[in-house]
Structure formats: structure tokens, C-alpha cells
file input.csv (CSV, C-alpha atoms)
chain,number,residue,atom,x,y,z
H,1,ALA,CA,-30.5,134.5,298.2
H,2,ARG,CA,-27.0,135.9,297.6
H,3,PRO,CA,-26.3,136.0,293.9
H,4,LYS,CA,-23.4,133.9,292.8
H,5,VAL,CA,-21.0,136.4,291.6
H,6,GLY,CA,-18.0,135.2,293.6
H,7,TYR,CA,-15.9,134.5,290.5
H,8,LEU,CA,-15.9,138.1,289.7
H,9,TYR,CA,-13.6,138.8,292.6
H,10,SER,CA,-11.2,135.9,292.2
H,11,GLY,CA,-8.7,138.0,290.3
H,12,ASN,CA,-9.5,136.2,287.1
H,13,LYS,CA,-11.1,137.9,284.2
H,14,PRO,CA,-14.9,137.3,284.1
H,15,VAL,CA,-14.5,135.2,281.0
H,16,ASN,CA,-17.4,132.9,281.7
H,17,LEU,CA,-19.8,135.9,281.1
H,18,ILE,CA,-18.2,136.4,277.7
H,19,SER,CA,-18.5,132.7,277.0
H,20,GLU,CA,-22.2,132.8,278.0
H,21,ARG,CA,-22.9,135.8,275.8
H,22,ILE,CA,-21.2,134.2,272.8
H,23,HIS,CA,-23.1,130.9,273.4
H,24,SER,CA,-26.4,132.8,273.3
H,25,ILE,CA,-25.9,134.2,269.8
H,26,LYS,CA,-27.4,132.0,267.1
H,27,VAL,CA,-26.5,131.7,263.4
H,28,LYS,CA,-29.8,133.3,262.5
H,29,ASP,CA,-28.7,136.5,264.4
H,30,ILE,CA,-25.7,137.1,262.1
H,31,LYS,CA,-26.3,135.2,258.9
H,32,GLY,CA,-26.0,136.9,255.5
H,33,ILE,CA,-27.5,136.4,252.0
H,34,PRO,CA,-26.1,133.5,250.1
H,35,VAL,CA,-25.0,133.7,246.5
H,36,VAL,CA,-26.3,130.7,244.6
H,37,VAL,CA,-25.8,129.4,241.0
H,38,GLU,CA,-26.9,126.4,239.1
H,39,GLU,CA,-24.6,123.4,238.5
H,40,GLN,CA,-24.6,124.0,234.7
H,41,THR,CA,-23.1,127.5,235.0
H,42,THR,CA,-19.7,127.8,233.3
H,43,LEU,CA,-16.7,128.7,235.5
H,44,TYR,CA,-16.5,131.9,233.5
H,45,ASP,CA,-20.1,133.0,234.4
H,46,ALA,CA,-19.7,131.8,238.0
H,47,ILE,CA,-16.5,134.0,238.4
H,48,VAL,CA,-18.3,137.0,236.9
H,49,THR,CA,-21.1,136.4,239.5
H,50,LEU,CA,-18.5,136.1,242.2
H,51,PHE,CA,-17.1,139.5,241.3
H,52,LEU,CA,-20.5,141.2,240.8
H,53,GLU,CA,-21.7,140.0,244.1
H,54,ASP,CA,-18.3,140.5,245.7
H,55,VAL,CA,-18.2,137.2,247.7
H,56,GLY,CA,-15.5,134.7,248.2
H,57,THR,CA,-17.7,131.6,248.2
H,58,MET,CA,-20.8,130.6,246.3
H,59,PHE,CA,-23.2,127.7,246.7
H,60,ILE,CA,-24.3,125.5,243.8
H,61,VAL,CA,-27.8,124.2,243.6
H,62,SER,CA,-29.5,121.4,241.7
H,63,ASN,CA,-33.3,121.3,241.5
H,64,GLY,CA,-33.3,124.0,244.2
H,65,TYR,CA,-31.3,122.0,246.7
H,66,LEU,CA,-27.7,122.4,247.8
H,67,ALA,CA,-25.3,120.4,245.6
H,68,GLY,CA,-21.9,122.0,246.1
H,69,VAL,CA,-19.7,124.8,247.2
H,70,VAL,CA,-17.1,126.7,245.2
H,71,SER,CA,-14.6,129.3,246.5
H,72,ARG,CA,-12.3,131.9,244.9
H,73,LYS,CA,-9.5,129.5,245.8
H,74,ASP,CA,-11.1,126.6,243.7
H,75,PHE,CA,-11.5,128.9,240.7
H,76,LEU,CA,-7.9,130.1,240.9
H,77,ARG,CA,-6.6,126.5,241.3
H,78,ASN,CA,-8.6,125.3,238.3
H,79,ILE,CA,-7.5,128.3,236.1
H,80,MET,CA,-3.9,127.6,237.0
H,81,GLY,CA,-4.4,124.0,236.2
H,82,GLY,CA,-5.5,124.9,232.7
H,83,THR,CA,-9.2,124.2,233.0
H,84,ASP,CA,-11.2,125.8,230.1
H,85,ILE,CA,-13.4,128.2,232.1
H,86,ASN,CA,-15.6,128.9,229.1
H,87,LYS,CA,-16.6,125.2,228.7
H,88,VAL,CA,-16.4,123.6,232.1
H,89,PRO,CA,-19.5,123.9,234.4
H,90,VAL,CA,-19.1,124.8,238.0
H,91,GLY,CA,-20.7,121.4,238.9
H,92,LEU,CA,-17.5,119.7,237.7
H,93,ILE,CA,-15.1,121.5,240.1
H,94,MET,CA,-17.3,122.1,243.2
H,95,THR,CA,-16.9,120.4,246.5
H,96,ARG,CA,-20.0,118.2,246.6
H,97,MET,CA,-22.3,116.6,249.1
H,98,PRO,CA,-21.6,114.8,251.5
H,99,ASN,CA,-18.4,116.8,251.9
H,100,ILE,CA,-20.0,120.2,252.4
H,101,VAL,CA,-19.8,121.6,255.9
H,102,MET,CA,-23.1,123.2,256.8
H,103,THR,CA,-24.8,125.1,259.6
H,104,TYR,CA,-28.4,125.7,260.7
H,105,SER,CA,-30.2,128.9,261.8
H,106,ASP,CA,-30.6,127.5,265.4
H,107,GLU,CA,-27.0,126.5,265.8
H,108,THR,CA,-24.8,128.8,267.9
H,109,VAL,CA,-22.3,131.1,266.2
H,110,LEU,CA,-19.7,129.4,268.3
H,111,GLU,CA,-20.5,126.0,266.7
H,112,ALA,CA,-20.5,127.6,263.3
H,113,ALA,CA,-17.1,129.3,264.0
H,114,ILE,CA,-15.6,126.0,265.2
H,115,LYS,CA,-16.7,124.3,261.9
H,116,ILE,CA,-15.1,127.1,259.9
H,117,ILE,CA,-11.8,126.8,261.8
H,118,GLU,CA,-11.7,123.0,261.9
H,119,HIS,CA,-12.6,122.5,258.2
H,120,GLU,CA,-10.5,125.5,257.0
H,121,VAL,CA,-13.3,127.1,255.0
H,122,ASP,CA,-14.3,130.7,254.7
H,123,SER,CA,-18.0,130.3,255.0
H,124,LEU,CA,-20.8,127.9,255.6
H,125,PRO,CA,-24.2,127.5,253.9
H,126,VAL,CA,-27.0,127.9,256.4
H,127,VAL,CA,-29.5,125.2,255.4
H,128,GLU,CA,-32.9,123.7,256.2
H,129,LYS,CA,-33.2,120.0,255.9
H,130,VAL,CA,-36.1,118.7,253.7
H,131,GLU,CA,-37.0,115.0,253.6
H,132,THR,CA,-38.6,113.7,250.3
H,133,GLU,CA,-39.1,110.0,249.5
H,134,GLY,CA,-36.8,108.9,252.2
H,135,ARG,CA,-33.9,111.1,251.1
H,136,GLU,CA,-32.5,114.2,252.8
H,137,TYR,CA,-32.1,117.4,250.8
H,138,TYR,CA,-30.9,120.8,252.0
H,139,LYS,CA,-32.3,124.2,251.1
H,140,VAL,CA,-29.8,127.1,251.3
H,141,VAL,CA,-31.3,129.9,253.5
H,142,GLY,CA,-28.3,131.9,254.3
H,143,LYS,CA,-24.5,132.1,254.8
H,144,VAL,CA,-22.2,132.5,257.7
H,145,SER,CA,-18.7,133.7,256.9
H,146,LYS,CA,-15.6,134.9,258.7
H,147,THR,CA,-16.7,138.3,257.8
H,148,ASN,CA,-20.0,137.9,259.7
H,149,ILE,CA,-18.0,136.6,262.7
H,150,THR,CA,-15.6,139.5,262.5
H,151,LYS,CA,-18.5,142.0,262.4
H,152,LEU,CA,-20.0,140.2,265.5
H,153,LEU,CA,-16.7,140.7,267.4
H,154,VAL,CA,-16.8,144.4,266.4
H,155,GLU,CA,-20.4,144.7,267.7
H,156,LEU,CA,-19.6,142.9,271.0
H,157,GLY,CA,-16.6,145.1,271.5
H,158,ARG,CA,-18.5,148.3,270.7
H,159,GLN,CA,-21.4,147.6,273.1
Q,1,ALA,CA,-16.4,148.9,300.0
Q,2,ARG,CA,-19.2,147.3,298.1
Q,3,PRO,CA,-18.1,146.2,294.7
Q,4,LYS,CA,-19.9,147.9,291.8
Q,5,VAL,CA,-21.7,145.0,290.2
Q,6,GLY,CA,-25.2,146.5,290.1
Q,7,TYR,CA,-25.4,146.3,286.4
Q,8,LEU,CA,-25.3,142.6,286.6
Q,9,TYR,CA,-28.8,142.5,288.1
Q,10,SER,CA,-30.5,145.1,285.9
Q,11,GLY,CA,-31.9,142.5,283.6
Q,12,ASN,CA,-29.6,143.4,280.8
Q,13,LYS,CA,-26.9,141.1,279.6
Q,14,PRO,CA,-23.5,142.0,281.1
Q,15,VAL,CA,-22.2,143.1,277.8
Q,16,ASN,CA,-19.9,145.7,279.1
Q,17,LEU,CA,-17.7,142.9,280.6
Q,18,ILE,CA,-17.5,141.3,277.1
Q,19,SER,CA,-16.6,144.6,275.7
Q,20,GLU,CA,-13.9,145.1,278.3
Q,21,ARG,CA,-12.4,141.7,277.7
Q,22,ILE,CA,-12.4,142.3,273.9
Q,23,HIS,CA,-10.8,145.7,274.4
Q,24,SER,CA,-8.0,144.1,276.5
Q,25,ILE,CA,-6.8,141.8,273.7
Q,26,LYS,CA,-4.0,143.2,271.5
Q,27,VAL,CA,-3.0,142.4,267.9
Q,28,LYS,CA,0.2,140.8,269.2
Q,29,ASP,CA,-1.9,138.3,271.2
Q,30,ILE,CA,-3.4,136.8,268.0
Q,31,LYS,CA,-1.2,137.8,265.1
Q,32,GLY,CA,0.0,135.2,262.7
Q,33,ILE,CA,3.0,134.7,260.4
Q,34,PRO,CA,2.9,136.9,257.2
Q,35,VAL,CA,3.7,135.6,253.8
Q,36,VAL,CA,6.0,138.0,252.0
Q,37,VAL,CA,7.4,138.2,248.4
Q,38,GLU,CA,9.5,140.6,246.5
Q,39,GLU,CA,8.0,143.2,244.1
Q,40,GLN,CA,9.8,141.5,241.1
Q,41,THR,CA,8.1,138.1,241.7
Q,42,THR,CA,5.9,137.1,238.7
Q,43,LEU,CA,2.2,136.6,239.3
Q,44,TYR,CA,2.7,133.0,238.5
Q,45,ASP,CA,5.3,132.5,241.2
Q,46,ALA,CA,3.3,134.6,243.6
Q,47,ILE,CA,0.2,132.4,243.1
Q,48,VAL,CA,2.3,129.2,243.6
Q,49,THR,CA,3.5,130.7,246.9
Q,50,LEU,CA,-0.1,131.6,247.8
Q,51,PHE,CA,-1.1,127.9,247.3
Q,52,LEU,CA,2.0,126.5,249.0
Q,53,GLU,CA,1.5,128.7,252.0
Q,54,ASP,CA,-2.3,128.4,251.9
Q,55,VAL,CA,-3.0,132.1,252.5
Q,56,GLY,CA,-5.5,134.4,250.9
Q,57,THR,CA,-3.4,137.5,251.0
Q,58,MET,CA,0.4,138.2,250.7
Q,59,PHE,CA,2.5,141.2,251.4
Q,60,ILE,CA,5.0,142.6,248.9
Q,61,VAL,CA,8.3,144.1,250.1
Q,62,SER,CA,10.8,146.3,248.5
Q,63,ASN,CA,14.3,146.7,250.2
Q,64,GLY,CA,12.8,144.9,253.2
Q,65,TYR,CA,9.9,147.3,253.7
Q,66,LEU,CA,6.2,147.0,253.0
Q,67,ALA,CA,5.4,148.1,249.4
Q,68,GLY,CA,2.1,146.4,248.7
Q,69,VAL,CA,-0.6,143.9,249.3
Q,70,VAL,CA,-2.1,141.3,246.9
Q,71,SER,CA,-5.0,139.0,247.5
Q,72,ARG,CA,-6.5,135.9,245.8
Q,73,LYS,CA,-9.2,138.3,244.5
Q,74,ASP,CA,-6.5,140.5,242.8
Q,75,PHE,CA,-4.9,137.5,241.1
Q,76,LEU,CA,-8.3,136.2,239.9
Q,77,ARG,CA,-9.3,139.6,238.6
Q,78,ASN,CA,-6.0,140.0,236.7
Q,79,ILE,CA,-6.1,136.5,235.2
Q,80,MET,CA,-9.7,137.1,234.0
Q,81,GLY,CA,-8.6,140.4,232.5
Q,82,GLY,CA,-5.9,138.7,230.4
Q,83,THR,CA,-2.8,139.7,232.3
Q,84,ASP,CA,0.2,137.5,231.4
Q,85,ILE,CA,1.0,135.9,234.7
Q,86,ASN,CA,4.3,134.5,233.5
Q,87,LYS,CA,5.6,138.0,232.7
Q,88,VAL,CA,3.9,140.5,234.9
Q,89,PRO,CA,5.5,141.2,238.3
Q,90,VAL,CA,3.3,141.3,241.4
Q,91,GLY,CA,4.5,144.9,242.0
Q,92,LEU,CA,2.5,146.0,239.0
Q,93,ILE,CA,-0.9,144.8,240.3
Q,94,MET,CA,-0.5,145.2,244.0
Q,95,THR,CA,-2.4,147.7,246.2
Q,96,ARG,CA,0.5,150.0,247.1
Q,97,MET,CA,1.3,152.5,249.8
Q,98,PRO,CA,-0.3,154.8,251.0
Q,99,ASN,CA,-3.4,152.8,250.3
Q,100,ILE,CA,-2.5,149.8,252.5
Q,101,VAL,CA,-4.5,149.4,255.7
Q,102,MET,CA,-2.1,148.4,258.4
Q,103,THR,CA,-2.2,147.5,262.1
Q,104,TYR,CA,0.4,147.5,265.0
Q,105,SER,CA,1.2,144.9,267.6
Q,106,ASP,CA,-0.1,147.2,270.4
Q,107,GLU,CA,-3.4,148.1,268.7
Q,108,THR,CA,-6.4,146.3,270.1
Q,109,VAL,CA,-7.9,143.4,268.1
Q,110,LEU,CA,-11.1,145.5,268.1
Q,111,GLU,CA,-9.4,148.3,266.2
Q,112,ALA,CA,-7.9,145.8,263.7
Q,113,ALA,CA,-11.3,144.2,263.2
Q,114,ILE,CA,-12.9,147.5,262.6
Q,115,LYS,CA,-10.3,148.3,259.9
Q,116,ILE,CA,-10.9,144.9,258.3
Q,117,ILE,CA,-14.7,145.5,258.1
Q,118,GLU,CA,-14.6,149.1,257.1
Q,119,HIS,CA,-12.0,148.7,254.4
Q,120,GLU,CA,-13.4,145.3,253.2
Q,121,VAL,CA,-10.1,143.4,253.3
Q,122,ASP,CA,-9.4,139.9,254.5
Q,123,SER,CA,-6.3,140.7,256.5
Q,124,LEU,CA,-3.9,143.4,257.7
Q,125,PRO,CA,-0.1,143.5,257.8
Q,126,VAL,CA,1.1,144.1,261.4
Q,127,VAL,CA,3.9,146.6,261.0
Q,128,GLU,CA,6.7,148.5,262.8
Q,129,LYS,CA,7.4,152.0,261.7
Q,130,VAL,CA,11.0,152.8,260.9
Q,131,GLU,CA,12.2,156.4,260.2
Q,132,THR,CA,15.2,156.8,257.9
Q,133,GLU,CA,16.3,160.1,256.4
Q,134,GLY,CA,13.1,161.8,257.2
Q,135,ARG,CA,11.0,159.2,255.5
Q,136,GLU,CA,8.7,156.6,257.1
Q,137,TYR,CA,9.0,152.9,256.2
Q,138,TYR,CA,7.2,149.9,257.6
Q,139,LYS,CA,8.6,146.5,258.5
Q,140,VAL,CA,6.1,143.6,258.2
Q,141,VAL,CA,6.2,141.7,261.5
Q,142,GLY,CA,2.9,139.8,261.4
Q,143,LYS,CA,-0.6,139.4,260.0
Q,144,VAL,CA,-4.1,139.7,261.4
Q,145,SER,CA,-6.8,138.1,259.4
Q,146,LYS,CA,-10.5,137.2,259.7
Q,147,THR,CA,-9.3,133.7,260.4
Q,148,ASN,CA,-7.3,134.9,263.5
Q,149,ILE,CA,-10.4,136.8,264.7
Q,150,THR,CA,-12.7,133.8,264.2
Q,151,LYS,CA,-10.3,131.7,266.2
Q,152,LEU,CA,-10.3,134.3,268.9
Q,153,LEU,CA,-14.1,134.1,269.1
Q,154,VAL,CA,-13.9,130.3,269.4
Q,155,GLU,CA,-11.4,130.7,272.2
Q,156,LEU,CA,-13.5,133.3,274.1
Q,157,GLY,CA,-16.6,131.1,273.7
Q,158,ARG,CA,-14.8,127.9,274.9
Q,159,GLN,CA,-13.3,129.5,278.0

call {"tool": "encode", "arguments": {"input": "input.csv", "output": "C-alpha cells"}}
result
Amino acid sequence: ARPKVGYLYSGNKPVNLISERIHSIKVKDIKGIPVVVEEQTTLYDAIVTLFLEDVGTMFIVSNGYLAGVVSRKDFLRNIMGGTDINKVPVGLIMTRMPNIVMTYSDETVLEAAIKIIEHEVDSLPVVEKVETEGREYYKVVGKVSKTNITKLLVELGRQ
Amino acid sequence: ARPKVGYLYSGNKPVNLISERIHSIKVKDIKGIPVVVEEQTTLYDAIVTLFLEDVGTMFIVSNGYLAGVVSRKDFLRNIMGGTDINKVPVGLIMTRMPNIVMTYSDETVLEAAIKIIEHEVDSLPVVEKVETEGREYYKVVGKVSKTNITKLLVELGRQ
């Protein structure tokens, strides 16, 4: 049978091949290591961790499960607002469940990128759902950020 | 003549088409609007602008030309270090020329993305070079960030 490649000669760019390739890449293929702190951590200690680990977003856990997200922007906003960073715990300023935008290892990078753009966040926690006593909890197993996606574009472009 | 499409049936992914497409996209196709402040602006006022404009990086100009770059991270680091944000001007803490990583409207997005990854920055000023009295100056005409690149990936994937 003749292969269906007609669209290659239509004068249009072969964009559907790009799209196919992008659709084939999963979050697990590009995810990075998440930086995680406990809810009780003071803003001061959390900011120190942020600088030591050189990340823009960190995930907050409670009993080992995802409880919140805090970004550089949240820290800056709270400091400007006069929050006492030596006393206030990160749990008090974090974006908390169910308002956290998450992704999964088997989601496509495209789906993750759409979430990042639509929700205007810098990164997403990659989670695994755990059900205990009829409630759902999420374990943080990775992170997908705009940096990971920018690196992916560089890789695709260099191939 | 038979079109050269042999590589499509080699069992490999047609990655070279992706690469070609990515190489064809220029900075001018995706660039955004830069947020610019004067060197004399206090850190306090610059941070207010950062929040009002909702950007992570701003460009500092002197006599209309690019003089520096300041990011959310720089502001946070200085506040933590005890800098008086009501007195210190942004010109004192900015990354200054010649240490600014820049891009041009006619550069490819791939080149810009490589600069972002290699220099570990969130965005690049898009500049136009101006020569006056034997010296080179740069006008800021746009911005390319990891957000623009993530949006591009979404567009390519959706096509």
C-alpha cells in the first residue's frame, strides 16, 4: 500500500509530524527532582532552601503527602506585606489543596505545558494518587517546570 | 523526480522535520512585551512594578539603552541580605552589561532557548544594536522567556 505522505507535498509545513512527536513525549521523560519541605518550616528556612536548591517553586508536604505549593513570588509578596518570616510557617502562606495544579508521570508533556500556561504557574508537582480510608492523597514524585520544557525544545531542535 | 522521503520509513521518528520546523521559528515570532524601569528606581518601586506587570524579570535602562537586568530572585536575595529597599536603587543590584545575555529578533527561538538554559536565566531581552560615537548600545525591543517557549511548544503540539 502506498504510504500516506501526501500532506508532505501540499506546500504546508509538515506540522502534524511535530505535533505527533510532541504528543508522544510523557511527563516521566522530562521530569525533574522536586524540592519538598514540611508545613511547619518557617518562611525564612524555606527561602534558604529555595536558594540552596536554586529552584523557583517548592512543594509542601504533610504526613508525606502533598499539602501545598509555594513560589518565589509568594515569598516576595509576603515579605513585602510585612509577614514575619522568622515566625510564620510556610503552611500558612502556601497555595493548598484542592487549588494545586498537578500532573502525572503518564500525562503528555503537552498536557502539562497547557496546565502551566492556563494556570499561570512556573511548575507542576508530578504526583501519584494514593487512596486511604476513602480519601485521596498525593505523593510528590517529581516536578515539571518551564525549564524542563525549554530544555525539551532545545533537544528537539538539536536532533 | 522522486521526493526524498526515505527517512520517513526507516523506523526512526521523523525528528529532523521537527528540528527543521523549530529552526524556522524566529525570536520575533514569539517575543513578548518587556517591562523596563530606570536605573534610579528604588527596589521598592521596582518590586511594585514587578507585581503590577506580573513578570519575573525586568530590564533596566539608562538614557534609553539597556543597562541591566533584575529578577525576582535578585530582589528576594537582596531583601534577605538586609538591603534597604526604600533607599537602594535598582541600578545598584542589577546584573549589568557586559554580563547580560541578550537575543535579537532574527535569532532563532532555538538559539534563544539554548542561551536561557546555558546561562540559567528565565528570560532574555530582545535588543537592537545602535552604534554611536564608536560605542555600542542596545535598545530593548522585546522579551523572550521560558513562558513564551512553553507557549510555543503548546502551539506546535496543538497544530

call {"tool": "residues_around", "arguments": {"input": "input.csv", "residues": "segment 100-108 of chain H", "least_positions_apart": "5", "cutoff": "8 Å", "atoms": "all atoms listed in the file", "output": "ChimeraX atom specification"}}
result
/H:23-28,31,68-69,95,115,119,124-128

call {"tool": "write_last_selection", "arguments": {"input": "input.csv", "atoms": "C-alpha atoms", "output": "short mmCIF file (atom, residue, chain, number, x, y, z; two decimals), in the coordinates of the input"}}
result
data_model
loop_
_atom_site.label_atom_id
_atom_site.label_comp_id
_atom_site.auth_asym_id
_atom_site.auth_seq_id
_atom_site.Cartn_x
_atom_site.Cartn_y
_atom_site.Cartn_z
CA HIS H 23 -23.10 130.90 273.40
CA SER H 24 -26.40 132.80 273.30
CA ILE H 25 -25.90 134.20 269.80
CA LYS H 26 -27.40 132.00 267.10
CA VAL H 27 -26.50 131.70 263.40
CA LYS H 28 -29.80 133.30 262.50
CA LYS H 31 -26.30 135.20 258.90
CA GLY H 68 -21.90 122.00 246.10
CA VAL H 69 -19.70 124.80 247.20
CA THR H 95 -16.90 120.40 246.50
CA LYS H 115 -16.70 124.30 261.90
CA HIS H 119 -12.60 122.50 258.20
CA LEU H 124 -20.80 127.90 255.60
CA PRO H 125 -24.20 127.50 253.90
CA VAL H 126 -27.00 127.90 256.40
CA VAL H 127 -29.50 125.20 255.40
CA GLU H 128 -32.90 123.70 256.20
#

call {"tool": "residues_around", "arguments": {"input": "input.csv", "residues": "segment 34-46 of chain Q", "least_positions_apart": "3", "cutoff": "9 Å", "atoms": "only C-alpha atoms", "output": "MDAnalysis selection string"}}
result
(chainID H and resid 80) or (chainID Q and resid 31 49:51 53 55 57:64 67:68 75 84:94 125:126 140:144)

call {"tool": "closest_atom_pairs", "arguments": {"input": "input.csv", "of": "chain Q", "to": "chain H", "cutoff": "7 Å", "atoms": "all atoms listed in the file", "output": "CSV"}}
result
residue,atom,partner,partner_atom,distance
Q:Val15,CA,H:Gln159,CA,6.6
Q:Asn16,CA,H:Gln159,CA,6.5
Q:Ile18,CA,H:Ile18,CA,5.0
Q:Ser19,CA,H:Gly157,CA,4.2
Q:Ile22,CA,H:Gly157,CA,5.6
Q:His23,CA,H:Gly157,CA,6.5
Q:Leu76,CA,H:Leu76,CA,6.2
Q:Leu110,CA,H:Val154,CA,6.0
Q:Ala113,CA,H:Val154,CA,6.4
Q:Ile114,CA,H:Val154,CA,6.3
Q:Ile117,CA,H:Lys151,CA,6.7
Q:Lys146,CA,H:Lys146,CA,5.7
Q:Thr147,CA,H:Lys146,CA,6.6
Q:Ile149,CA,H:Thr150,CA,6.3
Q:Thr150,CA,H:Ile149,CA,6.2
Q:Lys151,CA,H:Ile117,CA,6.8
Q:Val154,CA,H:Leu110,CA,6.0
Q:Leu156,CA,H:Ser19,CA,5.8
Q:Gly157,CA,H:Ser19,CA,4.1
Q:Arg158,CA,H:Ser19,CA,6.4
Q:Gln159,CA,H:Ser19,CA,6.2

call {"tool": "atom_distance", "arguments": {"input": "input.csv", "atom1": "atom CA of Ile33 of chain Q", "atom2": "atom CA of Lys139 of chain Q"}}
result
13.2 Å

call {"tool": "atom_distance", "arguments": {"input": "input.csv", "atom1": "atom CA of Gly82 of chain H", "atom2": "atom CA of Val70 of chain H"}}
result
17.1 Å

call {"tool": "atom_distance", "arguments": {"input": "input.csv", "atom1": "atom CA of Gly134 of chain H", "atom2": "atom CA of Arg96 of chain H"}}
result
20.0 Å
